[in-house]
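Have a look at my_file06.cif below; it lists mmCIF, C-alpha atoms.
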data_upload
loop_
_atom_site.label_atom_id
_atom_site.label_comp_id
_atom_site.auth_asym_id
_atom_site.auth_seq_id
_atom_site.Cartn_x
_atom_site.Cartn_y
_atom_site.Cartn_z
CA MET A 434 -42.25 57.36 23.86
CA THR A 435 -41.25 54.26 25.79
CA LEU A 436 -37.61 53.60 26.60
CA LEU A 437 -36.01 50.40 27.84
CA ARG A 438 -32.89 50.61 29.99
CA LEU A 439 -30.50 47.66 29.82
CA SER A 440 -27.96 47.51 32.64
CA GLN A 441 -24.37 46.73 31.80
CA LYS A 442 -23.49 43.03 32.06
CA SER A 443 -20.56 41.16 30.53
CA ASP A 444 -20.60 37.74 32.24
CA PHE A 445 -23.29 35.15 31.54
CA ASN A 446 -23.91 31.82 33.19
CA PRO A 447 -24.57 28.91 30.79
CA SER A 448 -28.19 29.41 29.68
CA ARG A 449 -30.76 28.02 27.23
CA ILE A 450 -32.72 30.30 24.91
CA PRO A 451 -35.99 29.02 23.36
CA LEU A 452 -35.68 30.83 20.04
CA PRO A 453 -38.76 31.93 18.09
CA SER A 454 -39.72 30.18 14.86
CA SER A 455 -38.56 31.47 11.50
CA LYS A 456 -40.94 34.03 10.01
CA SER A 457 -39.31 33.51 6.60
CA GLU A 458 -40.19 29.82 6.58
CA SER A 459 -43.58 30.47 8.22
CA ASN A 460 -44.72 33.06 5.67
CA ARG A 461 -43.74 30.89 2.71
CA ALA A 462 -45.44 27.83 4.20
CA LEU A 463 -48.62 29.85 4.82
CA VAL A 464 -48.83 31.03 1.19
CA ILE A 465 -48.23 27.49 -0.09
CA ASP A 466 -50.85 26.22 2.35
CA ALA A 467 -53.34 28.81 1.07
CA LEU A 468 -52.65 27.71 -2.51
CA THR A 469 -53.57 24.15 -1.46
CA GLU A 470 -56.69 25.41 0.33
CA GLY A 471 -55.30 24.81 3.81
CA GLU A 472 -55.04 21.06 3.58
CA ASN A 473 -51.59 20.84 5.17
CA SER A 474 -50.51 20.30 8.75
CA LEU A 475 -48.29 23.24 9.72
CA SER A 476 -46.68 23.47 13.14
CA ASN A 477 -44.35 25.80 15.05
CA LEU A 478 -45.46 28.87 13.08
CA ALA A 479 -43.73 32.10 14.08
CA GLU A 480 -45.13 34.39 16.78
CA ALA A 481 -43.73 37.36 14.82
CA ARG A 482 -46.18 40.13 13.97
CA ASP A 483 -45.41 39.68 10.26
CA THR A 484 -46.53 36.05 10.39
CA GLN A 485 -49.54 36.72 12.60
CA THR A 486 -50.60 39.42 10.12
CA MET A 487 -50.30 36.89 7.28
CA ILE A 488 -52.41 34.34 9.20
CA ARG A 489 -55.09 36.92 10.00
CA LEU A 490 -55.38 38.24 6.44
CA LEU A 491 -55.48 34.80 4.85
CA LYS A 492 -58.11 33.62 7.33
CA SER A 493 -60.45 36.62 7.21
CA SER A 494 -59.76 37.71 3.59
CA PRO A 495 -60.90 41.35 3.99
CA PRO A 496 -61.30 43.54 0.87
CA VAL A 497 -58.23 45.52 1.96
CA PHE A 498 -55.06 43.61 2.77
CA ASP A 499 -53.39 45.98 5.26
CA VAL A 500 -50.03 44.29 5.87
CA LEU A 501 -48.85 46.95 8.37
CA ASP A 502 -45.03 46.96 8.07
CA ALA A 503 -44.56 43.38 6.81
CA GLY A 504 -42.55 43.37 3.60
CA THR A 505 -42.81 39.65 2.85
CA THR A 506 -46.54 39.74 3.55
CA MET A 507 -46.97 42.62 1.07
CA ARG A 508 -45.00 40.92 -1.70
CA PHE A 509 -46.30 37.38 -1.18
CA LEU A 510 -49.97 38.35 -0.81
CA THR A 511 -49.79 40.61 -3.89
CA ALA A 512 -48.85 37.58 -5.98
CA PHE A 513 -51.26 35.29 -4.12
CA ALA A 514 -54.27 37.61 -4.53
CA THR A 515 -53.44 38.04 -8.21
CA VAL A 516 -53.17 34.35 -9.09
CA THR A 517 -56.33 33.49 -7.13
CA ASN A 518 -58.25 36.21 -9.01
CA GLN A 519 -59.19 38.23 -5.97
CA LYS A 520 -60.06 41.90 -6.02
CA LYS A 521 -57.94 43.40 -3.26
CA VAL A 522 -56.40 46.66 -2.20
CA MET A 523 -52.87 46.15 -0.88
CA THR A 524 -51.62 48.73 1.61
CA GLY A 525 -49.60 49.14 4.79
CA THR A 526 -47.87 51.66 7.02
CA ALA A 527 -46.52 54.94 5.67
CA ARG A 528 -43.05 53.38 5.48
CA MET A 529 -44.42 50.31 3.67
CA CYS A 530 -45.93 52.61 1.07
CA GLU A 531 -42.44 54.07 0.52
CA ARG A 532 -40.94 50.62 -0.20
CA PRO A 533 -40.83 49.81 -3.93
CA ILE A 534 -42.94 47.03 -5.43
CA GLY A 535 -42.75 47.96 -9.11
CA ILE A 536 -40.53 45.04 -10.10
CA LEU A 537 -43.08 42.53 -8.80
CA VAL A 538 -46.05 44.38 -10.31
CA ASP A 539 -44.28 44.56 -13.69
CA ALA A 540 -43.57 40.82 -13.54
CA LEU A 541 -47.21 40.02 -12.71
CA ARG A 542 -48.51 42.37 -15.41
CA SER A 543 -46.22 40.74 -17.99
CA ILE A 544 -48.01 37.42 -17.51
CA GLY A 545 -51.49 38.97 -17.66
CA ALA A 546 -52.27 40.45 -14.23
CA GLU A 547 -54.50 43.51 -13.86
CA ILE A 548 -52.98 45.71 -11.15
CA HIS A 549 -53.19 49.48 -10.70
CA TYR A 550 -51.34 51.90 -8.46
CA LEU A 551 -53.58 54.01 -6.25
CA ASN A 552 -50.99 56.66 -5.47
CA SER A 553 -47.35 56.77 -6.59
CA GLU A 554 -46.21 54.69 -9.56
CA GLY A 555 -44.12 51.75 -8.36
CA TYR A 556 -45.29 51.86 -4.73
CA PRO A 557 -48.22 50.65 -2.62
CA PRO A 558 -51.14 51.05 -2.24
CA LEU A 559 -52.24 48.81 -5.12
CA ALA A 560 -55.56 47.71 -6.55
CA ILE A 561 -55.47 44.08 -7.69
CA HIS A 562 -58.07 42.82 -10.17
CA GLY A 563 -56.72 39.31 -10.70
CA LEU A 564 -55.24 37.36 -13.60
CA PRO A 565 -58.01 36.76 -16.13
CA GLU A 566 -55.72 34.97 -18.60
CA GLN A 567 -52.06 33.95 -18.54
CA LYS A 568 -50.49 35.77 -21.48
CA SER A 569 -46.92 34.50 -21.07
CA ASP A 570 -45.05 31.68 -19.35
CA LYS A 571 -41.77 33.62 -19.20
CA VAL A 572 -40.74 36.57 -17.08
CA LYS A 573 -37.51 38.48 -16.41
CA ILE A 574 -36.75 39.83 -12.94
CA ARG A 575 -33.72 41.71 -11.65
CA GLY A 576 -31.89 39.58 -9.13
CA ASP A 577 -30.15 42.38 -7.23
CA VAL A 578 -33.05 44.23 -5.59
CA SER A 579 -35.18 41.91 -3.45
CA SER A 580 -35.39 38.13 -3.50
CA GLN A 581 -38.94 38.47 -2.17
CA TYR A 582 -40.19 39.47 -5.63
CA ILE A 583 -38.68 36.29 -7.05
CA SER A 584 -40.01 34.11 -4.22
CA ALA A 585 -43.49 35.59 -4.67
CA MET A 586 -43.48 34.65 -8.37
CA LEU A 587 -42.04 31.20 -7.69
CA MET A 588 -44.71 30.22 -5.19
CA ILE A 589 -47.54 31.00 -7.61
CA ALA A 590 -45.75 29.41 -10.60
CA PRO A 591 -47.10 25.83 -10.14
CA VAL A 592 -50.74 26.97 -10.14
CA LEU A 593 -50.38 29.07 -13.29
CA PRO A 594 -52.00 27.22 -16.25
CA GLN A 595 -48.75 27.38 -18.24
CA GLY A 596 -46.30 27.21 -15.36
CA LEU A 597 -43.51 29.79 -15.37
CA GLU A 598 -39.90 30.32 -16.40
CA ILE A 599 -38.14 33.08 -14.44
CA GLU A 600 -34.96 34.57 -15.90
CA LEU A 601 -32.86 36.32 -13.27
CA GLU A 602 -31.10 39.37 -14.65
CA GLY A 603 -27.74 40.53 -13.32
CA LYS A 604 -26.28 39.77 -9.92
CA VAL A 605 -28.52 37.59 -7.74
CA GLY A 606 -28.73 38.82 -4.14
CA SER A 607 -30.11 36.86 -1.18
CA ARG A 608 -29.79 33.66 -3.24
CA THR A 609 -30.28 31.57 -0.11
CA TYR A 610 -33.81 32.97 0.30
CA ILE A 611 -34.68 31.90 -3.25
CA GLU A 612 -33.23 28.47 -2.48
CA MET A 613 -35.32 28.35 0.71
CA THR A 614 -38.47 29.06 -1.29
CA LEU A 615 -37.69 26.34 -3.83
CA GLU A 616 -36.78 23.78 -1.16
CA LEU A 617 -40.01 24.50 0.72
CA MET A 618 -41.97 24.12 -2.52
CA ALA A 619 -40.20 20.79 -3.08
CA GLN A 620 -41.30 19.62 0.37
CA PHE A 621 -44.86 20.26 -0.81
CA GLY A 622 -44.30 18.12 -3.91
CA ILE A 623 -43.19 20.68 -6.51
CA GLU A 624 -40.52 19.84 -9.10
CA TYR A 625 -38.37 22.57 -10.64
CA THR A 626 -35.12 23.15 -12.49
CA TRP A 627 -32.58 25.94 -11.96
CA GLU A 628 -29.96 26.11 -14.67
CA ASP A 629 -27.68 29.12 -15.00
CA ASN A 630 -29.99 32.12 -14.49
CA LYS A 631 -33.28 30.41 -15.39
CA ILE A 632 -35.70 28.75 -12.98
CA LYS A 633 -38.47 26.65 -14.55
CA VAL A 634 -41.58 25.47 -12.73
CA ALA A 635 -44.16 23.52 -14.73
CA HIS A 636 -47.90 23.63 -14.03
CA GLN A 637 -48.48 21.09 -11.24
CA ALA A 638 -50.32 20.66 -7.96
CA TYR A 639 -48.91 21.26 -4.50
CA GLN A 640 -49.14 18.04 -2.47
CA ARG A 641 -50.62 17.87 1.00
CA THR A 642 -47.93 17.40 3.64
CA THR A 643 -46.87 17.97 7.25
CA PHE A 644 -44.35 20.72 7.89
CA ALA A 645 -42.70 22.00 11.09
CA VAL A 646 -41.02 25.41 10.98
CA GLU A 647 -37.41 25.64 12.22
CA SER A 648 -36.26 28.20 14.79
CA ASP A 649 -35.17 31.56 13.43
CA TRP A 650 -31.50 32.02 12.53
CA SER A 651 -31.94 35.79 12.19
CA GLY A 652 -33.12 35.88 15.81
CA ALA A 653 -30.25 33.60 16.81
CA SER A 654 -27.68 36.07 15.47
CA TYR A 655 -28.18 38.53 18.34
CA TRP A 656 -27.20 35.89 20.91
CA PHE A 657 -24.07 35.02 18.91
CA SER A 658 -23.22 38.73 18.99
CA LEU A 659 -23.95 39.10 22.71
CA LEU A 660 -21.65 36.23 23.66
CA ALA A 661 -18.93 37.40 21.26
CA CYS A 662 -18.91 40.81 22.98
CA ALA A 663 -19.16 39.38 26.52
CA ASP A 664 -16.23 38.56 28.78
CA SER A 665 -17.45 35.06 29.61
CA GLY A 666 -20.39 32.69 29.31
CA ALA A 667 -22.06 30.00 27.20
CA LEU A 668 -25.46 29.84 25.48
CA PHE A 669 -27.54 27.00 24.05
CA LEU A 670 -29.93 28.07 21.28
CA GLU A 671 -32.84 25.68 20.89
CA GLY A 672 -34.41 24.41 17.68
CA LEU A 673 -31.68 25.13 15.11
CA LYS A 674 -30.57 22.69 12.41
CA GLU A 675 -27.05 22.33 11.05
CA ASN A 676 -28.34 21.90 7.48
CA SER A 677 -30.78 24.79 7.56
CA LEU A 678 -32.85 26.22 4.71
CA GLN A 679 -32.20 29.71 6.15
CA GLY A 680 -29.40 31.81 4.70
CA ASP A 681 -28.84 33.56 8.02
CA SER A 682 -27.29 30.33 9.34
CA ALA A 683 -24.16 31.96 7.84
CA ILE A 684 -23.84 33.59 11.27
CA VAL A 685 -22.07 30.39 12.38
CA ASP A 686 -19.26 30.98 9.88
CA ILE A 687 -19.07 34.72 10.53
CA MET A 688 -18.88 34.37 14.30
CA GLU A 689 -16.19 31.70 14.01
CA PHE A 690 -13.96 34.67 13.14
CA LEU A 691 -15.36 36.81 15.96
CA GLY A 692 -14.80 34.50 18.92
CA ILE A 693 -17.68 31.99 18.93
CA LYS A 694 -17.35 28.23 18.59
CA SER A 695 -20.64 26.55 17.55
CA THR A 696 -21.46 22.92 18.27
CA PHE A 697 -24.69 21.33 17.04
CA GLU A 698 -26.13 18.92 19.60
CA ASN A 699 -29.41 17.89 21.26
CA GLY A 700 -31.70 19.76 18.90
CA GLY A 701 -29.88 23.06 18.90
CA VAL A 702 -26.48 24.75 18.89
CA LEU A 703 -24.13 25.35 21.82
CA LEU A 704 -22.18 28.61 21.73
CA LYS A 705 -18.88 28.93 23.57
CA LYS A 706 -16.28 31.64 23.56
CA GLN A 707 -12.95 31.18 21.80
CA ALA A 708 -10.14 33.47 20.68
CA VAL A 709 -11.10 36.12 18.10
CA LYS A 710 -9.49 35.18 14.80
CA GLY A 711 -10.41 38.45 13.09
CA LEU A 712 -12.95 39.26 10.38
CA LYS A 713 -11.44 41.26 7.53
CA LYS A 714 -14.17 41.12 4.88
CA TRP A 715 -17.64 39.66 4.37
CA ASP A 716 -20.12 39.68 1.49
CA PHE A 717 -23.69 39.98 2.83
CA SER A 718 -25.37 39.56 -0.58
CA HIS A 719 -27.09 36.37 0.56
CA CYS A 720 -27.66 37.27 4.23
CA PRO A 721 -28.34 41.04 4.37
CA ASP A 722 -30.35 40.78 7.60
CA LEU A 723 -27.14 39.88 9.44
CA ALA A 724 -25.33 43.08 8.46
CA GLN A 725 -26.51 45.23 11.37
CA THR A 726 -25.68 42.53 13.92
CA VAL A 727 -22.19 41.97 12.56
CA ALA A 728 -21.47 45.68 12.15
CA VAL A 729 -22.21 46.32 15.83
CA THR A 730 -20.20 43.26 16.88
CA CYS A 731 -17.16 44.38 14.87
CA ALA A 732 -17.44 47.94 16.21
CA ILE A 733 -17.40 46.63 19.79
CA LEU A 734 -14.65 44.05 19.25
CA GLY A 735 -12.27 46.40 17.42
CA GLN A 736 -12.59 44.72 14.01
CA ASP A 737 -12.23 47.11 11.06
CA ALA A 738 -14.03 44.76 8.70
CA VAL A 739 -15.05 45.56 5.13
CA PHE A 740 -18.65 44.76 4.10
CA THR A 741 -20.10 44.28 0.62
CA GLY A 742 -23.52 43.12 -0.58
CA LEU A 743 -25.46 45.76 1.37
CA GLU A 744 -27.40 47.14 -1.61
CA SER A 745 -30.81 46.05 -0.33
CA LEU A 746 -30.39 47.62 3.13
CA LYS A 747 -31.58 51.04 1.98
CA ILE A 748 -35.09 49.75 1.10
CA LYS A 749 -35.75 47.73 4.25
CA GLU A 750 -37.89 48.84 7.23
CA THR A 751 -35.68 51.91 7.24
CA ASP A 752 -32.54 52.96 5.36
CA ARG A 753 -30.36 50.64 7.40
CA ILE A 754 -27.10 52.10 6.12
CA TYR A 755 -28.05 55.56 7.38
CA ALA A 756 -29.46 54.16 10.62
CA LEU A 757 -26.29 52.19 11.34
CA GLN A 758 -24.10 55.20 10.63
CA GLN A 759 -26.10 57.41 13.01
CA GLU A 760 -26.21 54.95 15.90
CA LEU A 761 -22.63 53.62 15.61
CA ALA A 762 -21.46 57.23 15.92
CA LYS A 763 -23.02 57.38 19.39
CA PHE A 764 -20.24 55.14 20.72
CA ASN A 765 -17.53 56.57 18.48
CA ALA A 766 -17.64 53.97 15.71
CA GLU A 767 -18.29 54.42 11.99
CA LEU A 768 -19.66 52.64 8.93
CA LYS A 769 -17.80 54.40 6.14
CA GLU A 770 -18.39 53.98 2.41
CA ILE A 771 -14.83 53.57 1.10
CA GLU A 772 -15.89 52.72 -2.48
CA PRO A 773 -19.32 52.64 -4.12
CA GLU A 774 -21.32 49.98 -2.20
CA VAL A 775 -18.25 48.96 -0.16
CA TYR A 776 -18.34 49.83 3.55
CA GLN A 777 -15.76 49.64 6.31
CA VAL A 778 -16.52 49.36 10.00
CA ILE A 779 -14.24 51.69 11.95
CA PRO A 780 -14.46 50.42 15.53
CA SER A 781 -15.00 52.33 18.72
CA VAL A 782 -11.93 53.52 20.62
CA THR A 783 -13.68 55.05 23.61
CA MET A 784 -17.03 53.96 25.03
CA PRO A 785 -19.40 56.47 26.69
CA SER A 786 -21.00 55.67 30.04
CA LYS A 787 -24.45 55.37 28.43
CA VAL A 788 -25.76 55.04 24.88
CA GLN A 789 -29.35 55.71 23.77
CA ILE A 790 -30.31 53.94 20.54
CA HIS A 791 -32.95 55.26 18.17
CA THR A 792 -34.63 52.32 16.41
CA TYR A 793 -36.17 53.93 13.28
CA ASP A 794 -39.27 51.66 13.41
CA ASP A 795 -36.86 48.80 12.64
CA HIS A 796 -36.89 45.69 14.82
CA ARG A 797 -33.36 44.74 13.83
CA MET A 798 -31.92 48.06 15.02
CA ALA A 799 -33.20 47.39 18.54
CA MET A 800 -31.86 43.84 18.69
CA ALA A 801 -28.57 44.43 16.87
CA PHE A 802 -27.52 47.12 19.35
CA MET A 803 -28.52 45.13 22.44
CA PRO A 804 -24.99 43.58 22.80
CA LEU A 805 -23.65 47.04 23.61
CA LEU A 806 -24.78 46.31 27.16
CA THR A 807 -21.60 44.22 27.55
CA LYS A 808 -19.64 47.50 27.54
CA THR A 809 -21.99 50.22 28.79
CA GLU A 810 -25.52 51.00 29.89
CA VAL A 811 -27.90 50.99 26.92
CA VAL A 812 -31.27 52.69 26.48
CA ILE A 813 -33.44 51.42 23.61
CA GLU A 814 -36.09 53.72 22.17
CA ASP A 815 -39.44 52.12 21.23
CA PRO A 816 -38.46 48.63 22.48
CA ASP A 817 -41.76 47.09 21.32
CA VAL A 818 -40.52 47.38 17.74
CA VAL A 819 -39.11 43.86 18.22
CA ASN A 820 -42.67 42.49 18.00
CA LYS A 821 -42.31 42.49 14.22
CA SER A 822 -40.09 39.39 14.34
CA TYR A 823 -39.22 38.43 17.94
CA PRO A 824 -41.89 39.45 20.50
CA SER A 825 -40.23 37.52 23.34
CA PHE A 826 -36.80 39.10 22.78
CA TRP A 827 -36.67 41.22 25.95
CA LYS A 828 -38.07 38.34 28.03
CA HIS A 829 -35.24 36.18 26.72
CA CYS A 830 -32.78 38.91 27.73
CA GLU A 831 -34.16 38.72 31.26
CA LEU A 832 -33.99 34.91 31.09
CA ILE A 833 -30.20 35.06 30.90
CA GLY A 834 -29.83 37.66 33.65
CA ILE A 835 -29.99 40.97 31.81
CA SER A 836 -31.69 43.64 33.91
CA THR A 837 -34.32 45.62 31.98
CA GLU A 838 -36.34 48.65 33.10
CA LYS A 839 -39.06 50.45 31.17
CA LEU A 840 -38.98 54.22 31.32
CA GLU A 841 -41.80 56.49 30.20
CA THR A 842 -41.08 59.87 28.61
CA ALA A 843 -43.34 62.64 27.45
#

Show this structure as structure tokens.
Amino acid sequence: MTLLRLSQKSDFNPSRIPLPSSKSESNRALVIDALTEGENSLSNLAEARDTQTMIRLLKSSPPVFDVLDAGTTMRFLTAFATVTNQKKVMTGTARMCERPIGILVDALRSIGAEIHYLNSEGYPPLAIHGLPEQKSDKVKIRGDVSSQYISAMLMIAPVLPQGLEIELEGKVGSRTYIEMTLELMAQFGIEYTWEDNKIKVAHQAYQRTTFAVESDWSGASYWFSLLACADSGALFLEGLKENSLQGDSAIVDIMEFLGIKSTFENGGVLLKKQAVKGLKKWDFSHCPDLAQTVAVTCAILGQDAVFTGLESLKIKETDRIYALQQELAKFNAELKEIEPEVYQVIPSVTMPSKVQIHTYDDHRMAMAFMPLLTKTEVVIEDPDVVNKSYPSFWKHCELIGISTEKLETA
């Protein structure tokens, strides 16, 4: 196993960070592009492994779509292969085959898709046999499990002969990701309506266009956290827009309470330190990928914040609730369930001289715990896990003066 040692550092000179592109935007744009037979001009696509996997599979179109550990790629390509009447096997890593996909398969089957499970009911691997005939133009999908199921159905809706009406049942989580999908579709010429809990997309053609992907707000969140936990410094994050399609731009509002003032200027956002106002409660329903970052930040800063909207964290790359609880405990902090699905961060009182973080095959665990280096020496297990979304992450750490050292263990 490879370890990465991060030396303690709490003061940062003003620095610029060239953020990676958004994999969420990239993966949606790639599916839309494939549905228009690649006639678009796409630029600034993400370097993330998830996106590179999507590009490779769409380009080579092998009989088996092995998505590795890419959740969006699994969900989006399942819908794409179905609507384009391809015969494909969908599979991935062992963990990917433990992540549920039954809601999406049920939705596709309800409109006429022929899909079979090759192992456990409700989970990959799948055998897709296409969509010989659209049997219905209406589908119901739970809104509280994963927005990726809904986005997958939305992107194929315009090319269905009858279009599609999606009725969202119950609480809608990660609403901003659904909005991102619809806004991206609109940029490629698609008209839709969303009234109450029903989204309607008529049969229509995607229009050829030029699209540049924005920098990644999820990746930006770790630098907000680092500066919030630091004693001094300033950071400029390149390529971010104030009116972003990405729900994780909520990090601006969250970190306003945790000591960061954000100013949009010159094609990015300038981060400066300010007094901590205090974060008492936050609902992560629409930005669940920020939860790990904010939990670690609160634990370091002494904020006993209450979190809700974490329901989807248990079915991500790992069970992120469990993973957070295990790793926060290593520096005497807690994530405690005080009511069903309501969690409280109990901050650290004493900090050990060194903390070793297990990453659970989860890129966000590695990056979310990086800001601990402002208080102690940190050792990250399996540091290359960041390649899933942010391959240049450790290089960017070095760019701002963080000392890194790779250690090899048996």

- Task: Evaluate the PyMOL selection byres ((chain A and resi 448-456) around 9) here and jot the selected residues down as a VMD selection string.
- Result: chain A and resid 445 to 447 457 to 461 477 to 484 646 to 653 656 666 to 673 679 703 822 to 826 829 832 to 833

Just-selected residues, C-alpha atoms written as a compact mmCIF listing (two decimals), keeping the file's coordinate frame:
# COMPACT_ATOMS: atom_id res chain seq x y z
CA PHE A 445 -23.29 35.15 31.54
CA ASN A 446 -23.91 31.82 33.19
CA PRO A 447 -24.57 28.91 30.79
CA SER A 457 -39.31 33.51 6.60
CA GLU A 458 -40.19 29.82 6.58
CA SER A 459 -43.58 30.47 8.22
CA ASN A 460 -44.72 33.06 5.67
CA ARG A 461 -43.74 30.89 2.71
CA ASN A 477 -44.35 25.80 15.05
CA LEU A 478 -45.46 28.87 13.08
CA ALA A 479 -43.73 32.10 14.08
CA GLU A 480 -45.13 34.39 16.78
CA ALA A 481 -43.73 37.36 14.82
CA ARG A 482 -46.18 40.13 13.97
CA ASP A 483 -45.41 39.68 10.26
CA THR A 484 -46.53 36.05 10.39
CA VAL A 646 -41.02 25.41 10.98
CA GLU A 647 -37.41 25.64 12.22
CA SER A 648 -36.26 28.20 14.79
CA ASP A 649 -35.17 31.56 13.43
CA TRP A 650 -31.50 32.02 12.53
CA SER A 651 -31.94 35.79 12.19
CA GLY A 652 -33.12 35.88 15.81
CA ALA A 653 -30.25 33.60 16.81
CA TRP A 656 -27.20 35.89 20.91
CA GLY A 666 -20.39 32.69 29.31
CA ALA A 667 -22.06 30.00 27.20
CA LEU A 668 -25.46 29.84 25.48
CA PHE A 669 -27.54 27.00 24.05
CA LEU A 670 -29.93 28.07 21.28
CA GLU A 671 -32.84 25.68 20.89
CA GLY A 672 -34.41 24.41 17.68
CA LEU A 673 -31.68 25.13 15.11
CA GLN A 679 -32.20 29.71 6.15
CA LEU A 703 -24.13 25.35 21.82
CA SER A 822 -40.09 39.39 14.34
CA TYR A 823 -39.22 38.43 17.94
CA PRO A 824 -41.89 39.45 20.50
CA SER A 825 -40.23 37.52 23.34
CA PHE A 826 -36.80 39.10 22.78
CA HIS A 829 -35.24 36.18 26.72
CA LEU A 832 -33.99 34.91 31.09
CA ILE A 833 -30.20 35.06 30.90

For the PyMOL selection byres ((chain A and resi 707) around 10), applied here, can you spell out every residue it catches as a compact mmCIF listing (two decimals) with C-alpha atoms, in the frame of the given file?
# COMPACT_ATOMS: atom_id res chain seq x y z
CA ALA A 661 -18.93 37.40 21.26
CA SER A 665 -17.45 35.06 29.61
CA GLU A 689 -16.19 31.70 14.01
CA PHE A 690 -13.96 34.67 13.14
CA LEU A 691 -15.36 36.81 15.96
CA GLY A 692 -14.80 34.50 18.92
CA ILE A 693 -17.68 31.99 18.93
CA LYS A 694 -17.35 28.23 18.59
CA SER A 695 -20.64 26.55 17.55
CA LEU A 704 -22.18 28.61 21.73
CA LYS A 705 -18.88 28.93 23.57
CA LYS A 706 -16.28 31.64 23.56
CA ALA A 708 -10.14 33.47 20.68
CA VAL A 709 -11.10 36.12 18.10
CA LYS A 710 -9.49 35.18 14.80

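Closest approach to A:Ile548 among A:Ile748, A:Ile790, A:Lys521, A:Glu616 is made by A:Lys521 (distances from only C-alpha atoms).
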
- Message: Quick check on the file I pasted: which residues fall under the PyMOL selection byres ((chain A and resi 675) around 10)? Write them as a list in words.
- Response: Leu673, Lys674, Asn676, Ser677, Leu678, Ser682, Val685, Thr696, Phe697, Glu698, Gly700, Gly701 and Val702 of chain A

- Task: Compare A:Val739, A:Val634, A:Thr726, A:Tyr793 by their minimum atom-to-atom distance to A:Leu712, counting all atoms listed in the file, and give me the closest one.
- Result: A:Val739

- Item | Nearby residues (only C-alpha atoms) at most 10 Å from A:Leu587, same-chain spacing under 3 positions excluded, as a ChimeraX atom specification | /A:509,512,581-584,590-592,596-599,611,614-615,618,625,632-634

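Relative to atom CA of A:Asp752, atom CA of A:Gly711 is found at 27.6 Å.
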
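Distance annotation: of A:Ser474, A:Asp629, A:Met434, A:Ser443, the residue with the minimal separation from A:Ser836 is A:Ser443; atom set is only C-alpha atoms.
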
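Comparing the minimum interatomic distances between A:Pro594 and each of A:Cys662, A:Val464, A:Ile544, A:Leu475, counting all atoms listed in the file, we find that A:Ile544 sits nearest.
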
Please put the answer as JSON: centre and edge lengths, in Å with one decimal, of a box along x, y and z that encloses all listed atoms of stretch 720-736 of chain A plus 6 Å on each side.
{"center_x": -21.3, "center_y": 42.6, "center_z": 12.0, "size_x": 30.1, "size_y": 22.7, "size_z": 27.6}

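Shortest separation to A:Lys631 among A:Gln725, A:Leu601, A:Val522, A:Ala799 occurs at residue A:Leu601, atoms counted being only C-alpha atoms.
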
- Message: Around the point (-27.9, 34.9, 3.0) (coordinates from the file), which residues reach within 6 Å if we count all atoms listed in the file? Answer as an MDAnalysis selection string.
- Response: chainID A and resid 607 609 680:681 719:720

Contact residues around A:Arg753 with all atoms listed in the file at 10 Å, ignoring same-chain residues under 2 positions, as a PDB file with C-alpha atoms, keeping the file's coordinate frame:
ATOM      1  CA  ASP A 722     -30.350  40.780   7.600  1.00  0.00           C
ATOM      2  CA  ALA A 724     -25.330  43.080   8.460  1.00  0.00           C
ATOM      3  CA  GLN A 725     -26.510  45.230  11.370  1.00  0.00           C
ATOM      4  CA  LEU A 743     -25.460  45.760   1.370  1.00  0.00           C
ATOM      5  CA  SER A 745     -30.810  46.050  -0.330  1.00  0.00           C
ATOM      6  CA  LEU A 746     -30.390  47.620   3.130  1.00  0.00           C
ATOM      7  CA  LYS A 747     -31.580  51.040   1.980  1.00  0.00           C
ATOM      8  CA  ILE A 748     -35.090  49.750   1.100  1.00  0.00           C
ATOM      9  CA  LYS A 749     -35.750  47.730   4.250  1.00  0.00           C
ATOM     10  CA  GLU A 750     -37.890  48.840   7.230  1.00  0.00           C
ATOM     11  CA  THR A 751     -35.680  51.910   7.240  1.00  0.00           C
ATOM     12  CA  TYR A 755     -28.050  55.560   7.380  1.00  0.00           C
ATOM     13  CA  ALA A 756     -29.460  54.160  10.620  1.00  0.00           C
ATOM     14  CA  LEU A 757     -26.290  52.190  11.340  1.00  0.00           C
ATOM     15  CA  GLN A 758     -24.100  55.200  10.630  1.00  0.00           C
ATOM     16  CA  GLN A 759     -26.100  57.410  13.010  1.00  0.00           C
ATOM     17  CA  TYR A 793     -36.170  53.930  13.280  1.00  0.00           C
ATOM     18  CA  ASP A 795     -36.860  48.800  12.640  1.00  0.00           C
ATOM     19  CA  ARG A 797     -33.360  44.740  13.830  1.00  0.00           C
ATOM     20  CA  MET A 798     -31.920  48.060  15.020  1.00  0.00           C
TER      21      MET A 798
END
